[in-house]
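K.L.:
TSV, C-alpha atoms, saved as my_file_4.tsv, coming up:
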chain	number	residue	atom	x	y	z
A	1	MET	CA	11.83	42.39	-23.99
A	2	THR	CA	14.89	40.13	-23.85
A	3	THR	CA	15.81	37.77	-21.06
A	4	SER	CA	19.17	38.40	-19.44
A	5	ILE	CA	21.29	35.25	-19.39
A	6	PRO	CA	23.99	35.36	-16.69
A	7	ALA	CA	27.37	35.60	-18.36
A	8	PRO	CA	29.66	32.57	-18.03
A	9	PRO	CA	32.81	32.98	-15.93
A	10	PRO	CA	35.68	34.57	-17.92
A	11	ALA	CA	37.61	31.30	-18.11
A	12	ASP	CA	35.40	28.25	-18.27
A	13	VAL	CA	34.64	25.40	-20.65
A	14	VAL	CA	32.50	26.31	-23.67
A	15	LEU	CA	30.67	23.53	-25.49
A	16	GLY	CA	31.31	23.60	-29.25
A	17	CYS	CA	28.38	22.33	-31.34
A	18	MET	CA	29.94	22.32	-34.79
A	19	TYR	CA	28.75	18.88	-35.88
A	20	TYR	CA	25.38	18.84	-34.16
A	21	GLY	CA	22.81	18.04	-36.80
A	22	THR	CA	25.35	16.49	-39.19
A	23	ARG	CA	27.87	14.01	-37.74
A	24	ILE	CA	26.15	14.07	-34.34
A	25	ASP	CA	22.50	13.08	-34.41
A	26	ARG	CA	19.71	14.83	-32.55
A	27	GLN	CA	19.36	12.23	-29.77
A	28	THR	CA	23.09	12.21	-28.94
A	29	ALA	CA	23.33	15.99	-29.17
A	30	PHE	CA	20.38	16.48	-26.82
A	31	ARG	CA	21.94	14.08	-24.28
A	32	MET	CA	25.22	15.96	-24.34
A	33	LEU	CA	23.59	19.39	-24.10
A	34	ASP	CA	21.50	18.25	-21.14
A	35	ALA	CA	24.56	16.73	-19.47
A	36	PHE	CA	26.51	19.93	-20.05
A	37	ILE	CA	24.03	22.25	-18.36
A	38	ASP	CA	23.28	19.73	-15.62
A	39	ALA	CA	27.01	19.77	-14.78
A	40	GLY	CA	26.99	23.57	-14.56
A	41	GLY	CA	28.07	24.38	-18.12
A	42	ARG	CA	26.89	27.84	-19.06
A	43	ALA	CA	28.00	28.60	-22.64
A	44	ILE	CA	27.41	26.87	-25.98
A	45	ASP	CA	28.98	27.89	-29.27
A	46	THR	CA	28.01	27.39	-32.91
A	47	ALA	CA	28.13	29.25	-36.24
A	48	ASN	CA	25.71	29.89	-39.08
A	49	ASN	CA	27.93	27.94	-41.50
A	50	TYR	CA	28.22	24.71	-39.48
A	51	ALA	CA	28.68	22.32	-41.13
A	52	PHE	CA	28.39	23.32	-44.79
A	53	TRP	CA	31.28	21.08	-45.85
A	54	GLU	CA	29.45	17.91	-44.82
A	55	THR	CA	27.70	16.00	-47.63
A	56	GLY	CA	24.21	17.35	-48.21
A	57	SER	CA	24.70	20.33	-45.91
A	58	MET	CA	24.37	24.05	-46.60
A	59	GLY	CA	25.24	25.37	-43.15
A	60	GLY	CA	22.85	26.17	-40.36
A	61	GLU	CA	22.22	22.54	-39.37
A	62	SER	CA	23.85	23.08	-35.98
A	63	GLU	CA	21.80	26.19	-35.25
A	64	SER	CA	18.59	24.41	-36.25
A	65	LEU	CA	19.28	21.47	-33.94
A	66	LEU	CA	20.14	23.84	-31.09
A	67	GLY	CA	16.90	25.68	-31.79
A	68	ALA	CA	14.95	22.46	-31.28
A	69	TRP	CA	16.78	21.82	-28.00
A	70	LEU	CA	16.35	25.40	-26.76
A	71	ALA	CA	12.62	25.20	-27.44
A	72	GLU	CA	12.19	22.74	-24.57
A	73	PRO	CA	11.04	24.47	-21.35
A	74	GLY	CA	13.73	25.56	-18.89
A	75	ARG	CA	16.71	25.40	-21.24
A	76	ARG	CA	17.06	28.88	-22.71
A	77	ASP	CA	17.42	30.59	-19.34
A	78	ARG	CA	20.24	28.26	-18.28
A	79	VAL	CA	22.69	28.81	-21.10
A	80	ALA	CA	24.37	31.62	-23.02
A	81	VAL	CA	24.25	31.09	-26.78
A	82	ALA	CA	27.06	32.23	-29.08
A	83	THR	CA	27.06	31.99	-32.85
A	84	LYS	CA	29.17	33.40	-35.67
A	85	VAL	CA	28.34	35.11	-38.96
A	86	GLY	CA	30.24	36.05	-42.08
A	87	ALA	CA	31.56	32.70	-43.31
A	88	ARG	CA	28.43	30.98	-44.62
A	89	PRO	CA	28.47	30.21	-48.36
A	90	THR	CA	25.83	32.06	-50.32
A	91	ARG	CA	25.01	29.16	-52.63
A	92	PRO	CA	24.49	25.39	-52.33
A	93	GLY	CA	27.79	23.58	-52.76
A	94	GLY	CA	29.67	26.81	-52.09
A	95	THR	CA	33.03	27.14	-50.38
A	96	LEU	CA	34.78	29.76	-48.28
A	97	ALA	CA	35.37	31.60	-51.55
A	98	ASP	CA	31.60	32.24	-51.69
A	99	THR	CA	30.97	33.53	-48.18
A	100	GLU	CA	28.41	36.16	-47.21
A	101	GLY	CA	31.08	38.43	-45.72
A	102	LEU	CA	30.71	41.19	-43.15
A	103	SER	CA	29.04	44.06	-44.98
A	104	ALA	CA	26.21	45.76	-43.09
A	105	PRO	CA	23.45	44.01	-45.11
A	106	ALA	CA	25.22	40.66	-44.81
A	107	VAL	CA	25.63	40.96	-41.04
A	108	ARG	CA	21.99	41.90	-40.52
A	109	GLY	CA	20.71	39.15	-42.81
A	110	ALA	CA	22.96	36.55	-41.21
A	111	VAL	CA	21.98	37.48	-37.65
A	112	GLU	CA	18.27	37.40	-38.47
A	113	GLY	CA	18.74	34.01	-40.13
A	114	SER	CA	20.53	32.70	-37.03
A	115	LEU	CA	17.76	33.98	-34.77
A	116	ARG	CA	15.17	32.13	-36.85
A	117	ARG	CA	17.09	28.86	-36.84
A	118	LEU	CA	17.89	29.11	-33.12
A	119	GLY	CA	14.31	30.10	-32.33
A	120	ILE	CA	15.40	32.74	-29.83
A	121	ALA	CA	14.79	36.47	-29.43
A	122	HIS	CA	18.44	37.42	-29.05
A	123	ILE	CA	21.93	35.98	-29.38
A	124	ASP	CA	24.02	36.39	-26.25
A	125	ARG	CA	27.30	36.71	-28.15
A	126	CYS	CA	27.77	37.07	-31.89
A	127	TYR	CA	31.18	36.69	-33.53
A	128	ALA	CA	32.51	37.99	-36.80
A	129	HIS	CA	33.68	34.58	-37.99
A	130	ILE	CA	36.59	35.30	-40.34
A	131	ASP	CA	38.26	38.53	-41.40
A	132	ASP	CA	36.68	40.35	-44.35
A	133	ARG	CA	39.15	42.90	-45.68
A	134	ARG	CA	36.72	43.93	-48.43
A	135	VAL	CA	34.58	45.79	-45.90
A	136	PRO	CA	35.66	48.70	-43.66
A	137	LEU	CA	35.74	47.66	-40.02
A	138	ALA	CA	33.57	50.69	-39.17
A	139	GLU	CA	30.80	49.28	-41.38
A	140	THR	CA	30.91	45.87	-39.72
A	141	LEU	CA	31.02	47.35	-36.23
A	142	GLY	CA	28.22	49.73	-37.13
A	143	ALA	CA	25.99	46.87	-38.25
A	144	PHE	CA	26.68	44.89	-35.09
A	145	SER	CA	26.08	48.00	-32.98
A	146	GLU	CA	22.63	48.53	-34.50
A	147	LEU	CA	21.72	44.93	-33.72
A	148	VAL	CA	22.93	45.34	-30.14
A	149	SER	CA	20.80	48.48	-29.79
A	150	GLU	CA	17.80	46.57	-31.11
A	151	GLY	CA	18.29	43.83	-28.54
A	152	LYS	CA	19.02	41.14	-31.11
A	153	ILE	CA	22.61	40.67	-29.87
A	154	GLY	CA	23.89	40.93	-26.31
A	155	GLU	CA	27.59	41.43	-27.06
A	156	ILE	CA	29.91	41.16	-30.03
A	157	ALA	CA	33.19	39.36	-30.51
A	158	THR	CA	35.51	38.35	-33.32
A	159	SER	CA	37.43	35.33	-34.51
A	160	ASN	CA	40.45	34.46	-36.63
A	161	LEU	CA	42.05	37.90	-36.57
A	162	ARG	CA	45.71	38.78	-36.60
A	163	ALA	CA	47.01	41.24	-34.03
A	164	ASP	CA	47.17	44.17	-36.47
A	165	ARG	CA	43.53	43.72	-37.49
A	166	LEU	CA	42.31	43.34	-33.92
A	167	ARG	CA	44.25	46.45	-32.96
A	168	GLU	CA	42.63	48.29	-35.87
A	169	ALA	CA	39.17	47.08	-34.88
A	170	LEU	CA	39.64	48.25	-31.31
A	171	ALA	CA	40.97	51.62	-32.47
A	172	THR	CA	38.02	52.02	-34.87
A	173	GLY	CA	35.60	51.94	-31.96
A	174	ASP	CA	37.61	54.12	-29.57
A	175	GLY	CA	35.83	57.36	-28.76
A	176	THR	CA	32.66	56.33	-30.61
A	177	THR	CA	29.31	54.80	-29.70
A	178	LEU	CA	30.13	51.65	-31.65
A	179	ALA	CA	29.87	48.36	-29.78
A	180	ARG	CA	33.24	46.94	-28.75
A	181	TYR	CA	34.52	43.43	-29.25
A	182	VAL	CA	34.69	41.66	-25.88
A	183	ALA	CA	36.40	38.43	-26.93
A	184	LEU	CA	38.48	36.69	-29.57
A	185	GLN	CA	37.94	33.07	-30.60
A	186	GLN	CA	41.19	31.72	-32.01
A	187	ARG	CA	43.15	28.53	-32.64
A	188	HIS	CA	44.99	28.06	-29.34
A	189	THR	CA	46.38	25.29	-27.19
A	190	VAL	CA	48.96	24.98	-24.43
A	191	LEU	CA	51.63	24.60	-27.13
A	192	ALA	CA	52.79	27.37	-29.44
A	193	PRO	CA	52.98	26.66	-33.18
A	194	ARG	CA	56.18	27.17	-35.08
A	195	PRO	CA	56.51	30.91	-35.90
A	196	GLY	CA	55.14	31.73	-39.34
A	197	SER	CA	52.83	28.69	-39.47
A	198	THR	CA	49.61	29.17	-41.42
A	199	PHE	CA	46.25	27.43	-41.08
A	200	GLY	CA	44.21	28.67	-44.02
A	201	VAL	CA	41.41	30.98	-42.85
A	202	GLN	CA	42.09	29.93	-39.28
A	203	GLU	CA	44.44	32.08	-37.22
A	204	ALA	CA	46.48	30.92	-34.25
A	205	THR	CA	47.40	33.10	-31.33
A	206	THR	CA	50.81	34.78	-31.31
A	207	PRO	CA	52.70	36.46	-28.44
A	208	ASP	CA	51.79	39.96	-29.66
A	209	LEU	CA	48.13	38.98	-29.96
A	210	LEU	CA	48.09	37.57	-26.42
A	211	ASP	CA	49.65	40.80	-25.16
A	212	LEU	CA	46.95	42.79	-26.96
A	213	LEU	CA	44.17	40.72	-25.42
A	214	ALA	CA	45.62	41.22	-21.95
A	215	ALA	CA	46.10	44.96	-22.44
A	216	HIS	CA	42.48	45.43	-23.55
A	217	GLU	CA	40.99	42.82	-21.19
A	218	LEU	CA	39.48	40.73	-23.97
A	219	GLN	CA	38.54	37.13	-23.32
A	220	LEU	CA	40.32	34.43	-25.33
A	221	VAL	CA	38.18	31.47	-26.38
A	222	ALA	CA	40.42	28.66	-27.61
A	223	TYR	CA	39.32	26.29	-30.35
A	224	SER	CA	41.22	23.08	-31.16
A	225	PRO	CA	42.65	23.09	-27.61
A	226	LEU	CA	43.66	19.42	-27.86
A	227	LEU	CA	44.90	19.61	-31.47
A	228	GLU	CA	42.20	17.14	-32.52
A	229	GLY	CA	43.56	14.69	-29.98
A	230	ALA	CA	47.22	14.81	-31.05
A	231	LEU	CA	48.18	16.79	-27.94
A	232	VAL	CA	47.12	13.99	-25.62
A	233	SER	CA	47.85	10.91	-27.74
A	234	PRO	CA	51.57	10.07	-27.67
A	235	ASP	CA	51.09	7.49	-30.42
A	236	ARG	CA	49.96	10.24	-32.81
A	237	PRO	CA	52.34	12.73	-34.39
A	238	LEU	CA	51.86	16.38	-33.60
A	239	PRO	CA	50.59	18.44	-36.55
A	240	ASN	CA	53.49	19.73	-38.60
A	241	ALA	CA	53.06	23.31	-37.39
A	242	TYR	CA	53.48	22.13	-33.79
A	243	ASP	CA	55.99	19.34	-34.31
A	244	THR	CA	59.10	20.74	-32.69
A	245	GLN	CA	61.50	19.22	-30.20
A	246	GLU	CA	60.31	21.68	-27.55
A	247	ASN	CA	56.65	20.81	-28.11
A	248	ARG	CA	57.36	17.09	-28.01
A	249	ARG	CA	59.07	17.67	-24.65
A	250	ARG	CA	56.10	19.68	-23.40
A	251	ARG	CA	53.63	17.00	-24.51
A	252	ALA	CA	55.61	14.41	-22.59
A	253	ALA	CA	55.65	16.71	-19.55
A	254	LEU	CA	51.88	17.10	-19.81
A	255	ALA	CA	51.45	13.32	-19.63
A	256	THR	CA	53.90	12.99	-16.72
A	257	HIS	CA	52.24	15.72	-14.66
A	258	ALA	CA	48.78	14.34	-15.43
A	259	THR	CA	49.79	10.93	-14.08
A	260	ALA	CA	51.20	12.53	-10.93
A	261	LEU	CA	47.95	14.46	-10.39
A	262	GLY	CA	45.74	11.45	-11.11
A	263	VAL	CA	43.97	13.06	-14.08
A	264	SER	CA	43.98	12.48	-17.83
A	265	PRO	CA	46.31	14.49	-20.10
A	266	SER	CA	43.28	16.09	-21.76
A	267	GLN	CA	41.89	17.18	-18.40
A	268	LEU	CA	45.23	18.71	-17.43
A	269	ALA	CA	45.57	20.48	-20.80
A	270	ILE	CA	42.10	22.03	-20.46
A	271	ALA	CA	42.64	22.90	-16.81
A	272	THR	CA	45.95	24.58	-17.66
A	273	LEU	CA	44.24	26.79	-20.23
A	274	ILE	CA	41.63	27.78	-17.65
A	275	ALA	CA	44.41	28.55	-15.16
A	276	GLN	CA	45.95	30.82	-17.81
A	277	GLY	CA	42.68	32.75	-18.15
A	278	VAL	CA	41.57	31.06	-21.38
A	279	ALA	CA	38.10	29.63	-22.09
A	280	PRO	CA	38.60	26.26	-23.84
A	281	LEU	CA	36.08	25.40	-26.56
A	282	ILE	CA	35.54	21.66	-26.37
A	283	GLY	CA	34.16	19.68	-29.29
A	284	ALA	CA	33.11	16.45	-27.59
A	285	ARG	CA	31.48	13.87	-29.87
A	286	THR	CA	30.39	11.43	-27.18
A	287	PRO	CA	29.03	11.83	-23.65
A	288	ASP	CA	32.19	10.19	-22.24
A	289	GLN	CA	34.40	12.79	-23.93
A	290	LEU	CA	32.16	15.53	-22.57
A	291	VAL	CA	32.38	14.23	-19.00
A	292	ASP	CA	36.17	13.98	-19.28
A	293	SER	CA	36.41	17.60	-20.41
A	294	LEU	CA	33.98	18.93	-17.82
A	295	THR	CA	35.89	17.22	-15.02
A	296	ALA	CA	38.86	19.40	-15.97
A	297	ARG	CA	37.00	22.38	-14.48
A	298	THR	CA	37.67	20.95	-11.01
A	299	VAL	CA	41.37	20.20	-11.53
A	300	ALA	CA	43.66	22.41	-9.46
A	301	VAL	CA	46.81	22.98	-11.51
A	302	PRO	CA	49.93	23.71	-9.42
A	303	ALA	CA	51.38	26.99	-10.65
A	304	ALA	CA	54.88	25.50	-10.59
A	305	ILE	CA	54.14	22.98	-13.36
A	306	ILE	CA	52.48	25.36	-15.83
A	307	PRO	CA	55.74	26.68	-17.38
A	308	ASP	CA	56.78	23.07	-17.98
A	309	ILE	CA	53.60	22.47	-19.99
A	310	SER	CA	53.03	25.76	-21.76
A	311	PRO	CA	55.11	28.76	-22.83
A	312	HIS	CA	52.10	31.13	-22.86
A	313	ARG	CA	51.74	33.94	-20.35
A	314	PRO	CA	48.36	34.30	-18.59
A	315	CYS	CA	45.79	36.30	-20.56
Reformat the file's structure so that it appears as structure tokens.
P.N.:
Amino acid sequence: MTTSIPAPPPADVVLGCMYYGTRIDRQTAFRMLDAFIDAGGRAIDTANNYAFWETGSMGGESESLLGAWLAEPGRRDRVAVATKVGARPTRPGGTLADTEGLSAPAVRGAVEGSLRRLGIAHIDRCYAHIDDRRVPLAETLGAFSELVSEGKIGEIATSNLRADRLREALATGDGTTLARYVALQQRHTVLAPRPGSTFGVQEATTPDLLDLLAAHELQLVAYSPLLEGALVSPDRPLPNAYDTQENRRRRAALATHATALGVSPSQLAIATLIAQGVAPLIGARTPDQLVDSLTARTVAVPAAIIPDISPHRPC
């Protein structure tokens, strides 16, 4: 029998745990996780391949550390756990060219591996991590659906999909008993990248994708919401894909409005995403960064300033 974890609010801060167990040691990670739930945080996010690119890592280090933390009494029933499958290399020293993919056997094996490392009976939300065009979407959805029926997954979601592929995935499940994606985790910030920009296996949101999410009432979880700090650091250049005159103006407006509201630019950026119906995925590396991000949950963003900061329509 599985324990029902109350779902987080549709738009709230999600704690990203990518570097837990590699760049972030156990003691620091435990302090941040405890601080997060003590402050009312309800959702943590990882993946079965985090962080395979770090020296000496294979992937799964983050899940293993979270498993040790979740094993302490009183923690599991306070937090919803999300992980991702499909992008873990199948061999030591492997790359994204060697990933497990999203075939039915791969999905089942990956989920069972994640459950072992996390030390839990079920995953609250499981994402298909990156698109796998080698496998029919019906096969991937079928595998996830079986795992939902068995109680090993609570709900399914996807990540790094373009609008046409998300539309196809939703259509594949229409009129069937297949489980339906409830959310998309995507590169997203208050700024829009230059049209046509590419980010490797990562996919950024586009206007048509945001329209699709709204039409089907899917949650958007935004990773890299602060552009690795460039959004809120005027002394740092914006990444090339975002470095436009309009975005430089919007970044300056973000700083001006933050000063007027008495908050930090990062807090206002995160609060603006929440006001737009987006769940920001924060990747704090220190307790101070975590506190700064969590405080954003209490920032009331005047509706009149949002268009000055961000061109995106509410999700």
K.L.:
Mind giving me the straight-line distance from CA of Arg165 in chain A to CA of Ser197 in chain A in Å, one decimal?
P.N.:
17.8 Å
K.L.:
If we count all atoms listed in the file, what is near range 227-237 of chain A at a cut-off of 9 Å, once residues fewer than 6 positions away on the same chain are taken out, given as a PyMOL selection string?
P.N.:
chain A and resi 188-191+243+251-252+254-255+264-266+269
K.L.:
Output C-alpha atoms of each residue in that selection to a file, as a PDB file, keeping the file's coordinate frame.
P.N.:
ATOM      1  CA  HIS A 188      44.990  28.060 -29.340  1.00  0.00           C
ATOM      2  CA  THR A 189      46.380  25.290 -27.190  1.00  0.00           C
ATOM      3  CA  VAL A 190      48.960  24.980 -24.430  1.00  0.00           C
ATOM      4  CA  LEU A 191      51.630  24.600 -27.130  1.00  0.00           C
ATOM      5  CA  ASP A 243      55.990  19.340 -34.310  1.00  0.00           C
ATOM      6  CA  ARG A 251      53.630  17.000 -24.510  1.00  0.00           C
ATOM      7  CA  ALA A 252      55.610  14.410 -22.590  1.00  0.00           C
ATOM      8  CA  LEU A 254      51.880  17.100 -19.810  1.00  0.00           C
ATOM      9  CA  ALA A 255      51.450  13.320 -19.630  1.00  0.00           C
ATOM     10  CA  SER A 264      43.980  12.480 -17.830  1.00  0.00           C
ATOM     11  CA  PRO A 265      46.310  14.490 -20.100  1.00  0.00           C
ATOM     12  CA  SER A 266      43.280  16.090 -21.760  1.00  0.00           C
ATOM     13  CA  ALA A 269      45.570  20.480 -20.800  1.00  0.00           C
TER      14      ALA A 269
END
K.L.:
Can you work out which one of A:Thr140, A:Asn48, A:Thr198, A:Gln267 has the shortest atom-to-atom distance to Ala179 in chain A, counting only C-alpha atoms?
P.N.:
A:Thr140
K.L.:
Given all atoms listed in the file as the basis, pick out the residue of A:Leu212, A:Val111, A:Val148, A:Ala275 nearest to Ile306 in chain A.
P.N.:
A:Ala275
K.L.:
Closest to Ala51 in chain A among A:His122, A:Arg31, A:Arg88, A:Arg76, using only C-alpha atoms?
P.N.:
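Smallest distance to Ala51 in chain A is found for A:Arg88.
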K.L.:
Which neighbours of Gly41 in chain A fall inside 8 Å, counting only C-alpha atoms, when residues of the same chain fewer than 2 positions from it are skipped, and could you give them as an mmCIF file with C-alpha atoms, in the frame of the given file?
P.N.:
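Listing of result_7.cif after writing:
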data_model
loop_
_atom_site.group_PDB
_atom_site.id
_atom_site.type_symbol
_atom_site.label_atom_id
_atom_site.label_comp_id
_atom_site.auth_asym_id
_atom_site.auth_seq_id
_atom_site.Cartn_x
_atom_site.Cartn_y
_atom_site.Cartn_z
ATOM 1 C CA VAL A 13 34.640 25.400 -20.650
ATOM 2 C CA VAL A 14 32.500 26.310 -23.670
ATOM 3 C CA LEU A 15 30.670 23.530 -25.490
ATOM 4 C CA PHE A 36 26.510 19.930 -20.050
ATOM 5 C CA ILE A 37 24.030 22.250 -18.360
ATOM 6 C CA ASP A 38 23.280 19.730 -15.620
ATOM 7 C CA ALA A 39 27.010 19.770 -14.780
ATOM 8 C CA ALA A 43 28.000 28.600 -22.640
ATOM 9 C CA VAL A 79 22.690 28.810 -21.100
#
K.L.:
I'd like the neighbourhood of range 169-178 of chain A as a list in words, where a residue qualifies if any of its atoms comes within 9 Å (using all atoms listed in the file), though same-chain residues fewer than 6 positions away should be ignored.
P.N.:
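Near range 169-178 of chain A, the qualifying residues are Leu137, Ala138, Leu141, Gly142, Phe144, Ser145, Glu146 and His216 of chain A.
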K.L.:
Output C-alpha atoms of each residue in that selection to a file, as a PDB file, in the frame of the given file.
P.N.:
ATOM      1  CA  LEU A 137      35.740  47.660 -40.020  1.00  0.00           C
ATOM      2  CA  ALA A 138      33.570  50.690 -39.170  1.00  0.00           C
ATOM      3  CA  LEU A 141      31.020  47.350 -36.230  1.00  0.00           C
ATOM      4  CA  GLY A 142      28.220  49.730 -37.130  1.00  0.00           C
ATOM      5  CA  PHE A 144      26.680  44.890 -35.090  1.00  0.00           C
ATOM      6  CA  SER A 145      26.080  48.000 -32.980  1.00  0.00           C
ATOM      7  CA  GLU A 146      22.630  48.530 -34.500  1.00  0.00           C
ATOM      8  CA  HIS A 216      42.480  45.430 -23.550  1.00  0.00           C
TER       9      HIS A 216
END
K.L.:
Quick one: pull the distance between CA of Gln202 in chain A and CA of Ser159 in chain A, Å, one decimal.
P.N.:
8.6 Å
K.L.:
Which neighbours of Ala303 in chain A fall inside 10 Å, counting all atoms listed in the file, when residues of the same chain fewer than 5 positions from it are skipped, and could you give them as a list in words?
P.N.:
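After dropping sequence-adjacent residues, the list is Thr272, Ala275, Gln276 and Asp308 of chain A.
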K.L.:
If you count all atoms listed in the file, which residues fall within 10 Å of Ile305 in chain A, apart from same-chain ones fewer than 4 positions away, as a list in words?
P.N.:
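The neighbour list is Ala253, Leu254, His257, Thr272, Val301, Ile309 and Ser310 of chain A.
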K.L.:
Smallest atom-to-atom distance to Ala29 in chain A: which of A:Ser64, A:Thr298, A:Ser293, A:Asn240, using all atoms listed in the file?
P.N.:
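Residue with the minimum atom-to-atom distance to Ala29 in chain A: A:Ser64.
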K.L.:
How many Å lie between CA of Asp12 in chain A and CA of Pro280 in chain A, rounded to one decimal?
P.N.:
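CA of Asp12 in chain A sits 6.7 Å away from CA of Pro280 in chain A.
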K.L.:
Nearest to Pro207 in chain A among A:Leu238, A:Ala222, A:Leu115, A:Cys315, with distances taken over only C-alpha atoms: which residue is it?
P.N.:
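Between A:Leu238, A:Ala222, A:Leu115, A:Cys315, the residue approaching Pro207 in chain A most closely is A:Cys315.
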K.L.:
Choose the residue, out of A:Gly109, A:Gly59, A:Gly283, A:Gly16, that has the smallest atom-to-atom separation from Asp45 in chain A; count only C-alpha atoms.
P.N.:
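Among the listed residues, A:Gly16 lies closest to Asp45 in chain A.
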K.L.:
Enumerate, as a VMD selection string, the protein, DNA and RNA residues whose atoms approach (58.3, 23.5, -35.7) to within 8 Å, taking into account only C-alpha atoms and the coordinate frame of the file.
P.N.:
chain A and resid 193 to 195 240 to 245
K.L.:
Edge lengths and centre in Å to one decimal, as lines of an AutoDock Vina configuration file, is what I'm after for the box along x, y and z that holds all listed atoms of range 224-243 of chain A once 3 Å is added on each side.
P.N.:
center_x = 48.6
center_y = 15.4
center_z = -32.1
size_x = 20.8
size_y = 21.8
size_z = 19.0
